[in-house]
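*Asks:* My structure is below; once you've seen it, I'll send some questions.
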Amino acid sequence: MQQSRMLSSGCAVCGDELDGESAAVLEGTRKDGTTAIWYEPFLEDLRTSWPERGTHPACYATQHGIDKLLELIHTADARSREGFYEMANRVTDLEVKLDANEKEADKRSALD
Ligand SMILES: [Zn+2]
């Protein structure tokens, strides 16, 4: 699996393998040098290749507390909700355009 190649070691806390179908808390350095920590619901769906550390969610909670883990999960949820709304808005826009096109086509065929 791609992710196991990318994350050279297993879980940063317990050392066990990180399963691609499972969630993980990832850590990496952004281009500007700052550290990013985020919750990834499915490791194998990850589209970026820059995380340097991966941790089992349970191991992360053991180290940093359940509140910190839940905060990361909530941030990830908020991000995917945003993406979902964006997609829904685009679909609505397309529906409106299609509707307008159909009405235009109806008008034209009525004139024939
Ligand atoms: Zn672990």
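Just remember, in the structure tokens the first chain shown is A, the second B, etc., residues are 1-based per chain, and ligands are 1-based in the order shown.
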Apply DSSP to the structure's backbone, then extract all residues of chain A labelled alpha helix (DSSP H) and return them as an mmCIF file with N, CA, C and O atoms, in the first residue's frame.
*Replies:*
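Here's the written file out.cif:
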data_model
loop_
_atom_site.group_PDB
_atom_site.id
_atom_site.type_symbol
_atom_site.label_atom_id
_atom_site.label_comp_id
_atom_site.auth_asym_id
_atom_site.auth_seq_id
_atom_site.Cartn_x
_atom_site.Cartn_y
_atom_site.Cartn_z
ATOM 1 N N GLN A 2 0.444 2.293 -0.719
ATOM 2 C CA GLN A 2 1.221 3.518 -0.859
ATOM 3 C C GLN A 2 1.639 4.111 0.486
ATOM 4 O O GLN A 2 2.764 4.523 0.646
ATOM 5 N N GLN A 3 0.689 4.143 1.420
ATOM 6 C CA GLN A 3 0.938 4.846 2.668
ATOM 7 C C GLN A 3 2.048 4.208 3.502
ATOM 8 O O GLN A 3 2.788 4.908 4.159
ATOM 9 N N SER A 4 2.118 2.888 3.454
ATOM 10 C CA SER A 4 3.149 2.250 4.263
ATOM 11 C C SER A 4 4.533 2.554 3.695
ATOM 12 O O SER A 4 5.511 2.574 4.419
ATOM 13 N N ARG A 5 4.591 2.835 2.382
ATOM 14 C CA ARG A 5 5.865 3.224 1.789
ATOM 15 C C ARG A 5 6.220 4.642 2.231
ATOM 16 O O ARG A 5 7.352 4.950 2.505
ATOM 17 N N MET A 6 5.152 5.478 2.253
ATOM 18 C CA MET A 6 5.345 6.882 2.568
ATOM 19 C C MET A 6 5.736 7.073 4.033
ATOM 20 O O MET A 6 6.677 7.772 4.354
ATOM 21 N N PRO A 57 -5.152 6.395 16.185
ATOM 22 C CA PRO A 57 -5.954 7.344 16.964
ATOM 23 C C PRO A 57 -5.945 7.026 18.457
ATOM 24 O O PRO A 57 -5.816 7.926 19.290
ATOM 25 N N ALA A 58 -6.061 5.746 18.799
ATOM 26 C CA ALA A 58 -6.066 5.359 20.221
ATOM 27 C C ALA A 58 -4.735 5.688 20.893
ATOM 28 O O ALA A 58 -4.697 6.150 22.040
ATOM 29 N N CYS A 59 -3.648 5.462 20.173
ATOM 30 C CA CYS A 59 -2.321 5.769 20.725
ATOM 31 C C CYS A 59 -2.168 7.281 20.900
ATOM 32 O O CYS A 59 -1.570 7.741 21.878
ATOM 33 N N TYR A 60 -2.711 8.039 19.934
ATOM 34 C CA TYR A 60 -2.640 9.498 20.025
ATOM 35 C C TYR A 60 -3.402 9.975 21.262
ATOM 36 O O TYR A 60 -2.936 10.840 22.002
ATOM 37 N N ALA A 61 -4.583 9.369 21.487
ATOM 38 C CA ALA A 61 -5.399 9.743 22.643
ATOM 39 C C ALA A 61 -4.691 9.406 23.954
ATOM 40 O O ALA A 61 -4.765 10.154 24.927
ATOM 41 N N THR A 62 -3.993 8.285 23.972
ATOM 42 C CA THR A 62 -3.253 7.893 25.170
ATOM 43 C C THR A 62 -2.188 8.938 25.502
ATOM 44 O O THR A 62 -1.990 9.294 26.658
ATOM 45 N N GLN A 63 -1.538 9.447 24.457
ATOM 46 C CA GLN A 63 -0.470 10.423 24.667
ATOM 47 C C GLN A 63 -0.976 11.829 24.936
ATOM 48 O O GLN A 63 -0.426 12.550 25.755
ATOM 49 N N HIS A 64 -2.003 12.243 24.191
ATOM 50 C CA HIS A 64 -2.419 13.656 24.231
ATOM 51 C C HIS A 64 -3.793 13.875 24.859
ATOM 52 O O HIS A 64 -4.232 15.014 24.994
ATOM 53 N N ILE A 66 -8.061 12.321 25.118
ATOM 54 C CA ILE A 66 -9.179 12.088 24.199
ATOM 55 C C ILE A 66 -9.722 13.409 23.634
ATOM 56 O O ILE A 66 -10.146 13.467 22.483
ATOM 57 N N ASP A 67 -9.678 14.475 24.421
ATOM 58 C CA ASP A 67 -10.186 15.767 23.952
ATOM 59 C C ASP A 67 -9.416 16.262 22.733
ATOM 60 O O ASP A 67 -9.988 16.787 21.787
ATOM 61 N N LYS A 68 -8.105 16.085 22.758
ATOM 62 C CA LYS A 68 -7.264 16.532 21.640
ATOM 63 C C LYS A 68 -7.589 15.709 20.390
ATOM 64 O O LYS A 68 -7.667 16.257 19.287
ATOM 65 N N LEU A 69 -7.791 14.409 20.587
ATOM 66 C CA LEU A 69 -8.134 13.547 19.451
ATOM 67 C C LEU A 69 -9.485 13.960 18.870
ATOM 68 O O LEU A 69 -9.638 14.097 17.657
ATOM 69 N N LEU A 70 -10.471 14.178 19.743
ATOM 70 C CA LEU A 70 -11.808 14.558 19.273
ATOM 71 C C LEU A 70 -11.773 15.893 18.537
ATOM 72 O O LEU A 70 -12.498 16.089 17.568
ATOM 73 N N GLU A 71 -10.921 16.788 18.996
ATOM 74 C CA GLU A 71 -10.770 18.079 18.334
ATOM 75 C C GLU A 71 -10.271 17.882 16.895
ATOM 76 O O GLU A 71 -10.773 18.506 15.962
ATOM 77 N N LEU A 72 -9.294 16.992 16.730
ATOM 78 C CA LEU A 72 -8.755 16.716 15.389
ATOM 79 C C LEU A 72 -9.822 16.076 14.503
ATOM 80 O O LEU A 72 -9.931 16.388 13.322
ATOM 81 N N ILE A 73 -10.605 15.160 15.086
ATOM 82 C CA ILE A 73 -11.664 14.493 14.319
ATOM 83 C C ILE A 73 -12.720 15.524 13.894
ATOM 84 O O ILE A 73 -13.184 15.528 12.751
ATOM 85 N N HIS A 74 -13.055 16.422 14.811
ATOM 86 C CA HIS A 74 -14.062 17.442 14.500
ATOM 87 C C HIS A 74 -13.577 18.354 13.367
ATOM 88 O O HIS A 74 -14.347 18.696 12.465
ATOM 89 N N THR A 75 -12.308 18.719 13.408
ATOM 90 C CA THR A 75 -11.740 19.549 12.344
ATOM 91 C C THR A 75 -11.829 18.829 11.000
ATOM 92 O O THR A 75 -12.186 19.430 9.989
ATOM 93 N N ALA A 76 -11.515 17.533 10.995
ATOM 94 C CA ALA A 76 -11.591 16.742 9.762
ATOM 95 C C ALA A 76 -13.030 16.659 9.272
ATOM 96 O O ALA A 76 -13.307 16.765 8.076
ATOM 97 N N ASP A 77 -13.977 16.480 10.198
ATOM 98 C CA ASP A 77 -15.396 16.419 9.841
ATOM 99 C C ASP A 77 -15.861 17.734 9.235
ATOM 100 O O ASP A 77 -16.589 17.758 8.249
ATOM 101 N N ALA A 78 -15.433 18.841 9.848
ATOM 102 C CA ALA A 78 -15.829 20.162 9.361
ATOM 103 C C ALA A 78 -15.301 20.371 7.944
ATOM 104 O O ALA A 78 -15.997 20.907 7.088
ATOM 105 N N ARG A 79 -14.083 19.903 7.702
ATOM 106 C CA ARG A 79 -13.480 20.060 6.379
ATOM 107 C C ARG A 79 -14.249 19.244 5.341
ATOM 108 O O ARG A 79 -14.523 19.724 4.247
ATOM 109 N N SER A 80 -14.617 18.001 5.685
ATOM 110 C CA SER A 80 -15.310 17.172 4.699
ATOM 111 C C SER A 80 -16.735 17.686 4.495
ATOM 112 O O SER A 80 -17.278 17.598 3.405
ATOM 113 N N ARG A 81 -17.338 18.292 5.544
ATOM 114 C CA ARG A 81 -18.665 18.872 5.384
ATOM 115 C C ARG A 81 -18.605 20.054 4.407
ATOM 116 O O ARG A 81 -19.462 20.211 3.555
ATOM 117 N N GLU A 82 -17.558 20.863 4.543
ATOM 118 C CA GLU A 82 -17.358 21.991 3.639
ATOM 119 C C GLU A 82 -17.282 21.511 2.190
ATOM 120 O O GLU A 82 -17.920 22.072 1.311
ATOM 121 N N GLY A 83 -16.486 20.458 1.980
ATOM 122 C CA GLY A 83 -16.327 19.891 0.647
ATOM 123 C C GLY A 83 -17.647 19.371 0.116
ATOM 124 O O GLY A 83 -17.974 19.538 -1.058
ATOM 125 N N PHE A 84 -18.436 18.768 1.006
ATOM 126 C CA PHE A 84 -19.724 18.223 0.623
ATOM 127 C C PHE A 84 -20.674 19.340 0.202
ATOM 128 O O PHE A 84 -21.364 19.241 -0.811
ATOM 129 N N TYR A 85 -20.706 20.437 0.964
ATOM 130 C CA TYR A 85 -21.571 21.568 0.633
ATOM 131 C C TYR A 85 -21.175 22.178 -0.697
ATOM 132 O O TYR A 85 -22.016 22.540 -1.504
ATOM 133 N N GLU A 86 -19.858 22.287 -0.911
ATOM 134 C CA GLU A 86 -19.359 22.847 -2.160
ATOM 135 C C GLU A 86 -19.861 22.023 -3.338
ATOM 136 O O GLU A 86 -20.325 22.562 -4.332
ATOM 137 N N MET A 87 -19.772 20.686 -3.173
ATOM 138 C CA MET A 87 -20.197 19.787 -4.228
ATOM 139 C C MET A 87 -21.705 19.931 -4.459
ATOM 140 O O MET A 87 -22.165 19.991 -5.590
ATOM 141 N N ALA A 88 -22.464 19.996 -3.354
ATOM 142 C CA ALA A 88 -23.919 20.116 -3.448
ATOM 143 C C ALA A 88 -24.293 21.418 -4.158
ATOM 144 O O ALA A 88 -25.212 21.444 -4.979
ATOM 145 N N ASN A 89 -23.565 22.499 -3.851
ATOM 146 C CA ASN A 89 -23.834 23.778 -4.508
ATOM 147 C C ASN A 89 -23.565 23.696 -6.005
ATOM 148 O O ASN A 89 -24.325 24.237 -6.801
ATOM 149 N N ARG A 90 -22.490 23.018 -6.362
ATOM 150 C CA ARG A 90 -22.165 22.878 -7.780
ATOM 151 C C ARG A 90 -23.247 22.096 -8.500
ATOM 152 O O ARG A 90 -23.636 22.436 -9.609
ATOM 153 N N VAL A 91 -23.749 21.033 -7.857
ATOM 154 C CA VAL A 91 -24.812 20.228 -8.459
ATOM 155 C C VAL A 91 -26.061 21.083 -8.636
ATOM 156 O O VAL A 91 -26.710 21.042 -9.678
ATOM 157 N N THR A 92 -26.390 21.904 -7.626
ATOM 158 C CA THR A 92 -27.561 22.782 -7.716
ATOM 159 C C THR A 92 -27.402 23.755 -8.882
ATOM 160 O O THR A 92 -28.343 23.956 -9.655
ATOM 161 N N ASP A 93 -26.214 24.346 -9.013
ATOM 162 C CA ASP A 93 -25.955 25.263 -10.130
ATOM 163 C C ASP A 93 -26.180 24.575 -11.470
ATOM 164 O O ASP A 93 -26.791 25.135 -12.367
ATOM 165 N N LEU A 94 -25.677 23.342 -11.576
ATOM 166 C CA LEU A 94 -25.831 22.583 -12.824
ATOM 167 C C LEU A 94 -27.300 22.301 -13.108
ATOM 168 O O LEU A 94 -27.746 22.403 -14.243
ATOM 169 N N GLU A 95 -28.048 21.961 -12.033
ATOM 170 C CA GLU A 95 -29.477 21.675 -12.200
ATOM 171 C C GLU A 95 -30.215 22.901 -12.717
ATOM 172 O O GLU A 95 -31.078 22.799 -13.586
ATOM 173 N N VAL A 96 -29.870 24.074 -12.159
ATOM 174 C CA VAL A 96 -30.502 25.323 -12.587
ATOM 175 C C VAL A 96 -30.207 25.573 -14.065
ATOM 176 O O VAL A 96 -31.108 25.905 -14.841
ATOM 177 N N LYS A 97 -28.937 25.355 -14.453
ATOM 178 C CA LYS A 97 -28.558 25.570 -15.857
ATOM 179 C C LYS A 97 -29.288 24.597 -16.776
ATOM 180 O O LYS A 97 -29.781 24.979 -17.839
ATOM 181 N N LEU A 98 -29.353 23.333 -16.359
ATOM 182 C CA LEU A 98 -30.032 22.315 -17.164
ATOM 183 C C LEU A 98 -31.503 22.668 -17.341
ATOM 184 O O LEU A 98 -32.061 22.540 -18.426
ATOM 185 N N ASP A 99 -32.100 23.121 -16.238
ATOM 186 C CA ASP A 99 -33.502 23.528 -16.247
ATOM 187 C C ASP A 99 -33.730 24.632 -17.269
ATOM 188 O O ASP A 99 -34.675 24.579 -18.058
ATOM 189 N N ALA A 100 -32.850 25.639 -17.227
ATOM 190 C CA ALA A 100 -32.958 26.775 -18.136
ATOM 191 C C ALA A 100 -32.808 26.303 -19.580
ATOM 192 O O ALA A 100 -33.569 26.724 -20.458
ATOM 193 N N ASN A 101 -31.848 25.398 -19.819
ATOM 194 C CA ASN A 101 -31.637 24.866 -21.172
ATOM 195 C C ASN A 101 -32.862 24.113 -21.666
ATOM 196 O O ASN A 101 -33.253 24.240 -22.823
ATOM 197 N N GLU A 102 -33.459 23.324 -20.761
ATOM 198 C CA GLU A 102 -34.642 22.553 -21.144
ATOM 199 C C GLU A 102 -35.797 23.464 -21.503
ATOM 200 O O GLU A 102 -36.498 23.241 -22.488
ATOM 201 N N LYS A 103 -35.982 24.519 -20.704
ATOM 202 C CA LYS A 103 -37.064 25.466 -20.978
ATOM 203 C C LYS A 103 -36.856 26.142 -22.325
ATOM 204 O O LYS A 103 -37.796 26.339 -23.088
ATOM 205 N N GLU A 104 -35.577 26.491 -22.578
ATOM 206 C CA GLU A 104 -35.226 27.130 -23.857
ATOM 207 C C GLU A 104 -35.544 26.175 -25.002
ATOM 208 O O GLU A 104 -36.123 26.581 -26.014
ATOM 209 N N ALA A 105 -35.178 24.897 -24.831
ATOM 210 C CA ALA A 105 -35.421 23.899 -25.872
ATOM 211 C C ALA A 105 -36.922 23.692 -26.078
ATOM 212 O O ALA A 105 -37.388 23.549 -27.214
ATOM 213 N N ASP A 106 -37.684 23.714 -24.982
ATOM 214 C CA ASP A 106 -39.142 23.570 -25.069
ATOM 215 C C ASP A 106 -39.731 24.710 -25.871
ATOM 216 O O ASP A 106 -40.612 24.503 -26.724
ATOM 217 N N LYS A 107 -39.228 25.928 -25.578
ATOM 218 C CA LYS A 107 -39.739 27.124 -26.274
ATOM 219 C C LYS A 107 -39.507 26.983 -27.780
ATOM 220 O O LYS A 107 -40.384 27.242 -28.574
ATOM 221 N N ARG A 108 -38.256 26.555 -28.101
ATOM 222 C CA ARG A 108 -37.899 26.423 -29.512
ATOM 223 C C ARG A 108 -38.756 25.374 -30.215
ATOM 224 O O ARG A 108 -39.229 25.625 -31.305
ATOM 225 N N SER A 109 -38.974 24.240 -29.527
ATOM 226 C CA SER A 109 -39.756 23.185 -30.193
ATOM 227 C C SER A 109 -41.221 23.595 -30.311
ATOM 228 O O SER A 109 -41.918 23.174 -31.225
ATOM 229 N N ALA A 110 -41.688 24.478 -29.404
ATOM 230 C CA ALA A 110 -43.071 24.969 -29.484
ATOM 231 C C ALA A 110 -43.231 25.875 -30.703
ATOM 232 O O ALA A 110 -44.325 25.959 -31.274
ATOM 233 N N LEU A 111 -42.163 26.553 -31.076
ATOM 234 C CA LEU A 111 -42.209 27.474 -32.205
ATOM 235 C C LEU A 111 -42.194 26.724 -33.544
ATOM 236 O O LEU A 111 -42.683 27.235 -34.545
#
*Asks:* Neighbouring residues of ligand 1 are defined here as those with any atom at most 8 Å from a ligand atom, counting only C-alpha atoms and all ligand atoms; list them as a list in words.
*Replies:*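 Based on only C-alpha atoms and all ligand atoms, ligand 1 is surrounded within 8 Å by Gly10, Cys11, Ala12, Val13, Cys14, Gly15, Asp16, Glu17, Leu18, Thr55, His56, Pro57, Ala58, Cys59 and Tyr60 of chain A.
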*Asks:* Looking only at the backbone, which of the residues in range 33-83 of chain A does DSSP tag as strand (DSSP E), as a PyMOL selection string?
*Replies:* chain A and resi 35-40+51-55
*Asks:* Compile the contact shell of Pro41 in chain A as a PyMOL selection string: residues with an atom at most 8 Å away, counting only C-alpha atoms, same-chain residues fewer than 3 positions apart removed.
*Replies:* chain A and resi 22-24
*Asks:* If I take CA of Lys31 in chain A and CA of Glu44 in chain A, how far is one from the other in Å, to one decimal?
*Replies:* 22.6 Å
*Asks:* Can you tell me how far CA of Trp50 in chain A sits from CA of Thr29 in chain A, in Å to one decimal?
*Replies:* 7.4 Å
